[in-house]
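The structure appears right after this line, and notes come after that.
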Amino acid sequence: MEIKVDGRLLVSTLCERFKEEFGGTLRVYQGNKRCTGAEKVADLAKETGSYECGKMKTVGGFEKEMMERFGLKVQIASADDWVLALDQMTLGKLPEIPKNATKADMEGLKAKYGK
(Lines give C-alpha, C1' and ligand atoms only; values in the text may rest on other atoms or scores of the structure.)
Protein backbone atom coordinates (compact mmCIF):
# COMPACT_ATOMS: atom_id res chain seq x y z
CA MET A 1 0.00 0.00 0.00
CA GLU A 2 1.29 3.43 -0.87
CA ILE A 3 0.20 6.29 1.34
CA LYS A 4 0.46 9.70 -0.29
CA VAL A 5 0.15 12.48 2.23
CA ASP A 6 -0.90 15.52 0.22
CA GLY A 7 -3.39 18.35 0.38
CA ARG A 8 -6.28 16.26 -0.95
CA LEU A 9 -6.19 13.13 1.22
CA LEU A 10 -8.87 13.04 3.91
CA VAL A 11 -8.42 11.05 7.11
CA SER A 12 -11.59 9.09 6.27
CA THR A 13 -10.18 8.10 2.85
CA LEU A 14 -6.87 6.99 4.38
CA CYS A 15 -8.70 4.90 6.98
CA GLU A 16 -10.96 3.29 4.34
CA ARG A 17 -7.97 2.39 2.16
CA PHE A 18 -6.14 0.94 5.17
CA LYS A 19 -9.13 -1.24 6.09
CA GLU A 20 -9.50 -2.47 2.49
CA GLU A 21 -5.79 -3.32 2.24
CA PHE A 22 -5.12 -4.83 5.67
CA GLY A 23 -8.48 -5.60 7.29
CA GLY A 24 -7.86 -3.50 10.40
CA THR A 25 -8.94 -0.09 11.65
CA LEU A 26 -6.55 2.85 11.40
CA ARG A 27 -7.09 5.46 14.09
CA VAL A 28 -5.62 8.90 13.36
CA TYR A 29 -5.22 11.50 16.10
CA GLN A 30 -4.86 15.25 16.32
CA GLY A 31 -3.05 15.61 19.61
CA ASN A 32 -4.85 13.29 22.01
CA LYS A 33 -8.19 13.56 20.20
CA ARG A 34 -9.21 11.02 17.59
CA CYS A 35 -9.97 12.58 14.21
CA THR A 36 -13.51 12.59 12.87
CA GLY A 37 -12.40 11.75 9.33
CA ALA A 38 -13.22 15.10 7.74
CA GLU A 39 -9.71 16.46 8.37
CA LYS A 40 -7.08 16.60 5.65
CA VAL A 41 -4.12 14.41 6.52
CA ALA A 42 -1.68 17.07 5.28
CA ASP A 43 -3.09 19.55 7.84
CA LEU A 44 -2.18 17.12 10.63
CA ALA A 45 1.22 16.09 9.25
CA LYS A 46 4.51 17.89 9.75
CA GLU A 47 5.42 17.10 6.13
CA THR A 48 3.94 15.60 2.99
CA GLY A 49 5.19 12.78 0.79
CA SER A 50 4.76 9.07 0.11
CA TYR A 51 5.12 6.04 2.32
CA GLU A 52 5.09 2.43 1.13
CA CYS A 53 4.16 -0.44 3.45
CA GLY A 54 3.23 -4.04 2.98
CA LYS A 55 1.54 -6.83 4.87
CA MET A 56 4.82 -7.91 6.51
CA LYS A 57 5.26 -4.54 8.29
CA THR A 58 4.61 -4.82 12.02
CA VAL A 59 1.91 -2.77 13.68
CA GLY A 60 4.46 -1.15 15.99
CA GLY A 61 6.80 -0.41 13.08
CA PHE A 62 4.01 1.19 11.05
CA GLU A 63 2.87 3.39 13.93
CA LYS A 64 6.45 4.47 14.67
CA GLU A 65 7.27 5.23 11.04
CA MET A 66 4.10 7.29 10.55
CA MET A 67 5.15 9.41 13.54
CA GLU A 68 8.78 9.73 12.41
CA ARG A 69 8.04 10.36 8.72
CA PHE A 70 4.92 12.54 8.93
CA GLY A 71 4.47 13.41 12.61
CA LEU A 72 1.14 11.56 12.53
CA LYS A 73 -0.05 9.82 15.66
CA VAL A 74 -1.85 6.65 14.62
CA GLN A 75 -2.98 3.43 16.24
CA ILE A 76 -4.13 0.21 14.62
CA ALA A 77 -7.11 -1.68 15.95
CA SER A 78 -9.14 -4.75 15.04
CA ALA A 79 -11.52 -4.62 12.07
CA ASP A 80 -14.43 -3.93 14.42
CA ASP A 81 -12.36 -1.23 16.21
CA TRP A 82 -12.86 -3.08 19.49
CA VAL A 83 -9.27 -3.61 20.62
CA LEU A 84 -5.81 -2.33 19.68
CA ALA A 85 -3.61 -4.67 17.67
CA LEU A 86 -0.42 -6.05 19.17
CA ASP A 87 2.75 -4.18 18.20
CA GLN A 88 4.48 -7.38 17.08
CA MET A 89 1.68 -8.46 14.71
CA THR A 90 2.17 -7.89 11.03
CA LEU A 91 -0.42 -5.86 9.15
CA GLY A 92 -1.32 -8.96 7.15
CA LYS A 93 -2.40 -10.76 10.34
CA LEU A 94 -4.91 -8.12 11.47
CA PRO A 95 -7.89 -10.17 10.21
CA GLU A 96 -6.94 -12.87 12.77
CA ILE A 97 -8.11 -10.65 15.64
CA PRO A 98 -11.55 -12.02 16.55
CA LYS A 99 -14.60 -9.79 16.63
CA ASN A 100 -15.17 -8.35 20.14
CA ALA A 101 -11.79 -9.75 21.21
CA THR A 102 -11.29 -10.17 24.94
CA LYS A 103 -8.13 -9.77 26.98
CA ALA A 104 -7.76 -13.56 26.89
CA ASP A 105 -8.04 -13.55 23.08
CA MET A 106 -5.29 -10.95 22.83
CA GLU A 107 -3.11 -12.83 25.33
CA GLY A 108 -3.48 -15.91 23.12
CA LEU A 109 -2.39 -13.92 20.10
CA LYS A 110 0.47 -12.40 22.10
CA ALA A 111 1.74 -15.89 22.87
CA LYS A 112 1.44 -16.77 19.19
CA TYR A 113 3.44 -13.74 18.00
CA GLY A 114 5.93 -13.55 20.87
CA LYS A 115 6.48 -10.77 23.34
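Ordered as shown in the C-alpha coordinates, chains take letters A, B, and onward, while each chain numbers its residues from 1 and ligands are numbered from 1 in the order shown.
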
**Message:** So that I can see what lies close to Leu94 of chain A, please list as a VMD selection string the residues with an atom at most 10 Å from it, counting only C-alpha atoms and leaving out residues fewer than 4 positions away in the same chain.
**Reply:** chain A and resid 19 22 to 25 55 59 76 to 79 85 to 86 89 to 90 98

**Asked** What's the 8 Å shell around segment 34-37 of chain A, counting only C-alpha atoms, without same-chain residues fewer than 6 positions away, as a list of chain:residue names?
**Response**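 After dropping sequence-adjacent residues, the list is A:Leu10, A:Val11, A:Ser12, A:Thr13, A:Arg27, A:Val28.
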
Residues from last step as file, N, CA, C and O atoms, as a CSV table (one decimal), in the first residue's frame:
chain,number,residue,atom,x,y,z
A,10,LEU,N,-8.1,12.9,2.7
A,10,LEU,CA,-8.9,13.0,3.9
A,10,LEU,C,-8.5,11.9,4.8
A,10,LEU,O,-8.2,10.8,4.4
A,11,VAL,N,-8.6,12.1,6.1
A,11,VAL,CA,-8.4,11.0,7.1
A,11,VAL,C,-9.4,9.9,6.8
A,11,VAL,O,-8.9,8.7,6.9
A,12,SER,N,-10.6,10.2,6.5
A,12,SER,CA,-11.6,9.1,6.3
A,12,SER,C,-11.2,8.2,5.1
A,12,SER,O,-11.3,7.0,5.1
A,13,THR,N,-10.6,8.8,4.0
A,13,THR,CA,-10.2,8.1,2.9
A,13,THR,C,-9.0,7.2,3.2
A,13,THR,O,-8.9,6.1,2.8
A,27,ARG,N,-6.6,4.3,13.3
A,27,ARG,CA,-7.1,5.5,14.1
A,27,ARG,C,-6.1,6.6,13.9
A,27,ARG,O,-4.9,6.3,14.1
A,28,VAL,N,-6.5,7.8,13.5
A,28,VAL,CA,-5.6,8.9,13.4
A,28,VAL,C,-6.0,9.9,14.4
A,28,VAL,O,-7.2,10.2,14.6

**Message:** I need the residue nearest Cys53 of chain A from this list: A:Ala111, A:Leu9, A:Met1, A:Met67. Use only C-alpha atoms for the distance.
**Reply:**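 Answer, going by the shortest atom-to-atom distance: A:Met1.
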
Need to verify the contact set: Ser50 of chain A, 8 Å, only C-alpha atoms, exclusion of same-chain residues closer than 5 positions in sequence. Can you return it as a PDB file with N, CA, C and O atoms, in the first residue's frame?
ATOM      1  N   GLU A   2       0.576   2.150  -0.865  1.00  0.00           N
ATOM      2  CA  GLU A   2       1.285   3.425  -0.867  1.00  0.00           C
ATOM      3  C   GLU A   2       0.379   4.489  -0.270  1.00  0.00           C
ATOM      4  O   GLU A   2      -0.767   4.643  -0.673  1.00  0.00           O
ATOM      5  N   ILE A   3       0.915   5.186   0.716  1.00  0.00           N
ATOM      6  CA  ILE A   3       0.196   6.290   1.338  1.00  0.00           C
ATOM      7  C   ILE A   3       0.816   7.576   0.827  1.00  0.00           C
ATOM      8  O   ILE A   3       2.015   7.790   0.985  1.00  0.00           O
ATOM      9  N   LYS A   4      -0.001   8.402   0.193  1.00  0.00           N
ATOM     10  CA  LYS A   4       0.463   9.697  -0.293  1.00  0.00           C
ATOM     11  C   LYS A   4      -0.172  10.784   0.553  1.00  0.00           C
ATOM     12  O   LYS A   4      -1.373  11.013   0.459  1.00  0.00           O
ATOM     13  N   VAL A   5       0.638  11.397   1.394  1.00  0.00           N
ATOM     14  CA  VAL A   5       0.145  12.485   2.229  1.00  0.00           C
ATOM     15  C   VAL A   5       0.282  13.765   1.419  1.00  0.00           C
ATOM     16  O   VAL A   5       1.376  14.239   1.155  1.00  0.00           O
TER      17      VAL A   5
END

**Request:** Within chain A, find each residue whose DSSP state, derived from the backbone, is strand (DSSP E or B), and express the selection as number ranges by chain.
**Result:** A: 2-5, 10, 25-30, 33-34, 40, 49-52, 58, 73-77, 84, 90

Same residues, N, CA and C atoms, saved as an mmCIF file, in the first residue's frame:
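Ended up saving to out-v7.cif:
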data_model
loop_
_atom_site.group_PDB
_atom_site.id
_atom_site.type_symbol
_atom_site.label_atom_id
_atom_site.label_comp_id
_atom_site.auth_asym_id
_atom_site.auth_seq_id
_atom_site.Cartn_x
_atom_site.Cartn_y
_atom_site.Cartn_z
ATOM 1 N N GLU A 2 0.576 2.150 -0.865
ATOM 2 C CA GLU A 2 1.285 3.425 -0.867
ATOM 3 C C GLU A 2 0.379 4.489 -0.270
ATOM 4 N N ILE A 3 0.915 5.186 0.716
ATOM 5 C CA ILE A 3 0.196 6.290 1.338
ATOM 6 C C ILE A 3 0.816 7.576 0.827
ATOM 7 N N LYS A 4 -0.001 8.402 0.193
ATOM 8 C CA LYS A 4 0.463 9.697 -0.293
ATOM 9 C C LYS A 4 -0.172 10.784 0.553
ATOM 10 N N VAL A 5 0.638 11.397 1.394
ATOM 11 C CA VAL A 5 0.145 12.485 2.229
ATOM 12 C C VAL A 5 0.282 13.765 1.419
ATOM 13 N N LEU A 10 -8.114 12.922 2.662
ATOM 14 C CA LEU A 10 -8.873 13.042 3.911
ATOM 15 C C LEU A 10 -8.547 11.869 4.833
ATOM 16 N N THR A 25 -8.495 -1.475 11.535
ATOM 17 C CA THR A 25 -8.936 -0.087 11.653
ATOM 18 C C THR A 25 -7.744 0.806 11.946
ATOM 19 N N LEU A 26 -7.600 1.858 11.163
ATOM 20 C CA LEU A 26 -6.555 2.848 11.403
ATOM 21 C C LEU A 26 -7.183 4.015 12.151
ATOM 22 N N ARG A 27 -6.639 4.312 13.305
ATOM 23 C CA ARG A 27 -7.086 5.464 14.090
ATOM 24 C C ARG A 27 -6.053 6.569 13.910
ATOM 25 N N VAL A 28 -6.497 7.753 13.549
ATOM 26 C CA VAL A 28 -5.615 8.901 13.356
ATOM 27 C C VAL A 28 -5.999 9.947 14.391
ATOM 28 N N TYR A 29 -4.992 10.550 15.012
ATOM 29 C CA TYR A 29 -5.221 11.495 16.097
ATOM 30 C C TYR A 29 -4.676 12.886 15.764
ATOM 31 N N GLN A 30 -5.357 13.878 16.319
ATOM 32 C CA GLN A 30 -4.862 15.250 16.317
ATOM 33 C C GLN A 30 -4.628 15.566 17.785
ATOM 34 N N LYS A 33 -6.803 13.738 20.646
ATOM 35 C CA LYS A 33 -8.188 13.555 20.204
ATOM 36 C C LYS A 33 -8.227 12.800 18.879
ATOM 37 N N ARG A 34 -9.065 11.792 18.813
ATOM 38 C CA ARG A 34 -9.211 11.019 17.588
ATOM 39 C C ARG A 34 -9.918 11.854 16.526
ATOM 40 N N LYS A 40 -8.066 16.933 6.672
ATOM 41 C CA LYS A 40 -7.078 16.596 5.648
ATOM 42 C C LYS A 40 -5.823 16.111 6.357
ATOM 43 N N GLY A 49 4.368 13.726 1.524
ATOM 44 C CA GLY A 49 5.192 12.781 0.791
ATOM 45 C C GLY A 49 4.515 11.433 0.692
ATOM 46 N N SER A 50 5.283 10.433 0.301
ATOM 47 C CA SER A 50 4.763 9.073 0.113
ATOM 48 C C SER A 50 5.401 8.119 1.101
ATOM 49 N N TYR A 51 4.648 7.083 1.425
ATOM 50 C CA TYR A 51 5.124 6.037 2.325
ATOM 51 C C TYR A 51 4.590 4.712 1.807
ATOM 52 N N GLU A 52 5.452 3.749 1.650
ATOM 53 C CA GLU A 52 5.090 2.432 1.133
ATOM 54 C C GLU A 52 5.181 1.415 2.273
ATOM 55 N N THR A 58 5.255 -4.627 10.731
ATOM 56 C CA THR A 58 4.610 -4.821 12.025
ATOM 57 C C THR A 58 3.758 -3.604 12.374
ATOM 58 N N LYS A 73 0.207 10.798 14.608
ATOM 59 C CA LYS A 73 -0.048 9.823 15.665
ATOM 60 C C LYS A 73 -1.165 8.915 15.190
ATOM 61 N N VAL A 74 -0.862 7.634 15.055
ATOM 62 C CA VAL A 74 -1.846 6.651 14.618
ATOM 63 C C VAL A 74 -1.797 5.442 15.539
ATOM 64 N N GLN A 75 -2.894 4.721 15.571
ATOM 65 C CA GLN A 75 -2.976 3.430 16.238
ATOM 66 C C GLN A 75 -3.739 2.501 15.315
ATOM 67 N N ILE A 76 -3.448 1.215 15.439
ATOM 68 C CA ILE A 76 -4.130 0.213 14.620
ATOM 69 C C ILE A 76 -4.938 -0.685 15.541
ATOM 70 N N ALA A 77 -6.195 -0.872 15.162
ATOM 71 C CA ALA A 77 -7.112 -1.685 15.952
ATOM 72 C C ALA A 77 -7.699 -2.798 15.084
ATOM 73 N N LEU A 84 -7.028 -2.670 20.396
ATOM 74 C CA LEU A 84 -5.815 -2.326 19.678
ATOM 75 C C LEU A 84 -5.055 -3.593 19.292
ATOM 76 N N THR A 90 1.996 -8.524 12.329
ATOM 77 C CA THR A 90 2.167 -7.892 11.026
ATOM 78 C C THR A 90 0.806 -7.394 10.542
#
